[in-house]
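**Student:** This is the structure I have questions about; it appears just below.
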Amino acid sequence: MQEPVISFQQVSKSYPLYYHVRGGFKRFLLNFSKSMKSLREERFEALRDISFEVYKGEKFGIIGRNGAGKSTTLGLIAGVLKPNQGIVKVRGRISPLLALGAGFQRELTGRENIFMNGILMGLTRREVKHKLDQIIEFSELEEFIDLPILTYSSGMMARLGFSVVAHLDPEILLIDEVLGVGDIRFQKKCVNKMMEFKESGTTIVLVTHSIASVIKLCDRCMWIENHTVRMIGKPLEVAEIYCKEAGVDFDPTAYENTISQQVESTMV
Ligand SMILES: Nc1ncnc2c1ncn2[C@@H]1O[C@H](COP(=O)(O)OP(=O)(O)O)[C@@H](O)[C@H]1O
Ligand SMILES: [Mg+2]
């Protein structure tokens with residue numbers, strides 16, 4: 001088999017416990033000096049000992065309940081996070097993670113953000129200019145594209161983010177939850193756009209709650225549970241067990257949101 005373009009070897013990532021004050025803030029204050037000591041020493045483990053590989057051209061889905069560690073995994077792939085332990089190897093031009101607060105500058109307009117991200121990805125101004133119309137058209141943000149993106153709703157931001165990464169020809173396309181925001185019509189448009197990549201050499205890592213999209217788009221799927229890998233396998237096989245454990249009927253023929261919404265509502 002060919003060399004993987006993404007490889008995680010026993011990767012762990014923790015955050016300072018500061019963000020996860022246990023037992024509530026009141027208790028934290030009452031035991032202030034003890035609390036401060038534990039803050040300095042303790043860390044919150046967002047990912048524990050995860051290993052997987054993604055091969056060139058593969059469409060790789062990541063599923064799991066909220067807080068499981070999916071976005072942290074994407075952050076490590078994108079290089080915006082560093083592991084505390086283990087080795088992360090990534091080869092190829094990678095799309096920026098254009099989630100809220102990451103990759104987008106709030107004060108810049110939509111158009112300026114497209115340029116900035118294109119250039120950060122290594123494209124020339126001329127190359128970005130060439131794709132600009134397509135990006136704006138796909139995002140359906142024509143009226144707003146020259147406004148600072150701090151005026152955008154989260155759905156608009158997600159639309160711009162997806163349009164940028166899907167049109168700038170990355171070798172590795174990272175997508176985080178774009179199918180969870182915005183209306184169903186736009187979600188379907190995103191799925192169709194990703195279907196265009198299906199036979200291409202572009203490697204895609206797709207984080208989503210939409211099990212049906214994973215089945216439709218992905219060659220393999222990783223389920224992260226409790227901050228570690230629960231299962232990696234064929235999307236249908238993983239989805240079946242995932243749904244079973246969530247107590248949701250598994251119907252692979254159901255389109256888009258039906259299954260995922262049920263899973264969401266039982267798991268959140
Ligand atoms: N910057 C951060 N600082 C502290 N904790 C974080 C940070 N980012 C994520 N976490 C925590 O790490 C865990 C995994 O988060 P995340 O990867 O965003 O999960 P998912 O994307 O699967 O919902 C969560 O418990 C979350 O609260
Ligand atoms: Mg996330």
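Ordering of the structure tokens sets the chain letters (A, B, ...), residue numbers begin anew at 1 in every chain, and ligands are numbered from 1 in the order given.
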I want to know what sits within 10 Å of A:Gly75, based on only C-alpha atoms, with residues of the same chain fewer than 3 positions away left out; could you give that as a list in words?
**Tutor:**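 Here the qualifying residues turn out to be Gly69, Lys70, Ser71, Thr72, Ala78, Gly79, Val80, Leu81, Lys82, Pro83, Pro96, Leu97, Ala102, Leu174 and Asp176 of chain A.
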**Student:** Hey, which bits of stretch 7-114 of chain A sit within 6 Å of stretch 143-163 of chain A, and for each residue what's the closest pair of atoms and how far apart in Å (one decimal), counting only C-alpha atoms, rows by chain and increasing number, as JSON lines?
**Tutor:**
```
{"residue": "A:Leu98", "atom": "CA", "partner": "A:Gly161", "partner_atom": "CA", "distance": 5.1}
{"residue": "A:Arg106", "atom": "CA", "partner": "A:Leu150", "partner_atom": "CA", "distance": 4.8}
{"residue": "A:Glu107", "atom": "CA", "partner": "A:Pro148", "partner_atom": "CA", "distance": 5.3}
{"residue": "A:Leu108", "atom": "CA", "partner": "A:Pro148", "partner_atom": "CA", "distance": 4.9}
{"residue": "A:Thr109", "atom": "CA", "partner": "A:Pro148", "partner_atom": "CA", "distance": 3.8}
{"residue": "A:Gly110", "atom": "CA", "partner": "A:Ile145", "partner_atom": "CA", "distance": 4.7}
{"residue": "A:Arg111", "atom": "CA", "partner": "A:Ile145", "partner_atom": "CA", "distance": 5.5}
```
**Student:** Using only C-alpha atoms and all ligand atoms, determine which residues fall within 7 Å of ligand 1, then list them as a PyMOL selection string.
**Tutor:** chain A and resi 15-16+19-20+44-46+64-73+227
**Student:** Might you pull out every residue within 12 Å of A:Arg125, with only C-alpha atoms counted and same-chain residues fewer than 4 positions away left off, and present them as a ChimeraX atom specification?
**Tutor:** /A:112,114-121,129-132,168
**Student:** If you measure from atom CA of A:Phe250 to atom CA of A:Val207, what distance in Å do you get, rounded to one decimal?
**Tutor:** 19.5 Å
**Student:** Select, from A:Leu17, A:Ile172, A:Ile224, A:Val164, the residue with the minimum atom-to-atom distance to ligand 2, counting only C-alpha atoms and all ligand atoms.
**Tutor:** A:Ile224
**Student:** Env of A:Leu236: 10 Å cut, atoms = only C-alpha atoms, seq-sep filter 2 positions within chain, self excluded. Answer as a ChimeraX atom specification.
**Tutor:** /A:211-212,214-216,218-221,233-234,238-242,250,252
**Student:** Take the residues from that selection and write them out as an mmCIF file, in the first residue's frame, keeping C-alpha atoms.
**Tutor:**
```cif
data_model
loop_
_atom_site.group_PDB
_atom_site.id
_atom_site.type_symbol
_atom_site.label_atom_id
_atom_site.label_comp_id
_atom_site.auth_asym_id
_atom_site.auth_seq_id
_atom_site.Cartn_x
_atom_site.Cartn_y
_atom_site.Cartn_z
ATOM 1 C CA ILE A 211 -23.958 9.709 9.397
ATOM 2 C CA ALA A 212 -25.691 9.503 6.029
ATOM 3 C CA VAL A 214 -20.261 9.769 5.910
ATOM 4 C CA ILE A 215 -21.805 6.671 4.337
ATOM 5 C CA LYS A 216 -22.300 8.475 1.065
ATOM 6 C CA CYS A 218 -16.354 8.344 2.823
ATOM 7 C CA ASP A 219 -14.210 5.287 2.169
ATOM 8 C CA ARG A 220 -13.448 4.786 5.839
ATOM 9 C CA CYS A 221 -14.660 6.231 9.080
ATOM 10 C CA GLY A 233 -13.686 0.778 9.496
ATOM 11 C CA LYS A 234 -16.132 0.873 6.618
ATOM 12 C CA VAL A 238 -19.078 1.785 12.014
ATOM 13 C CA ALA A 239 -22.384 3.634 11.604
ATOM 14 C CA GLU A 240 -24.412 0.552 12.412
ATOM 15 C CA ILE A 241 -22.731 0.038 15.777
ATOM 16 C CA TYR A 242 -22.644 3.778 16.486
ATOM 17 C CA PHE A 250 -30.122 2.342 11.715
ATOM 18 C CA PRO A 252 -28.639 3.496 5.720
#
```
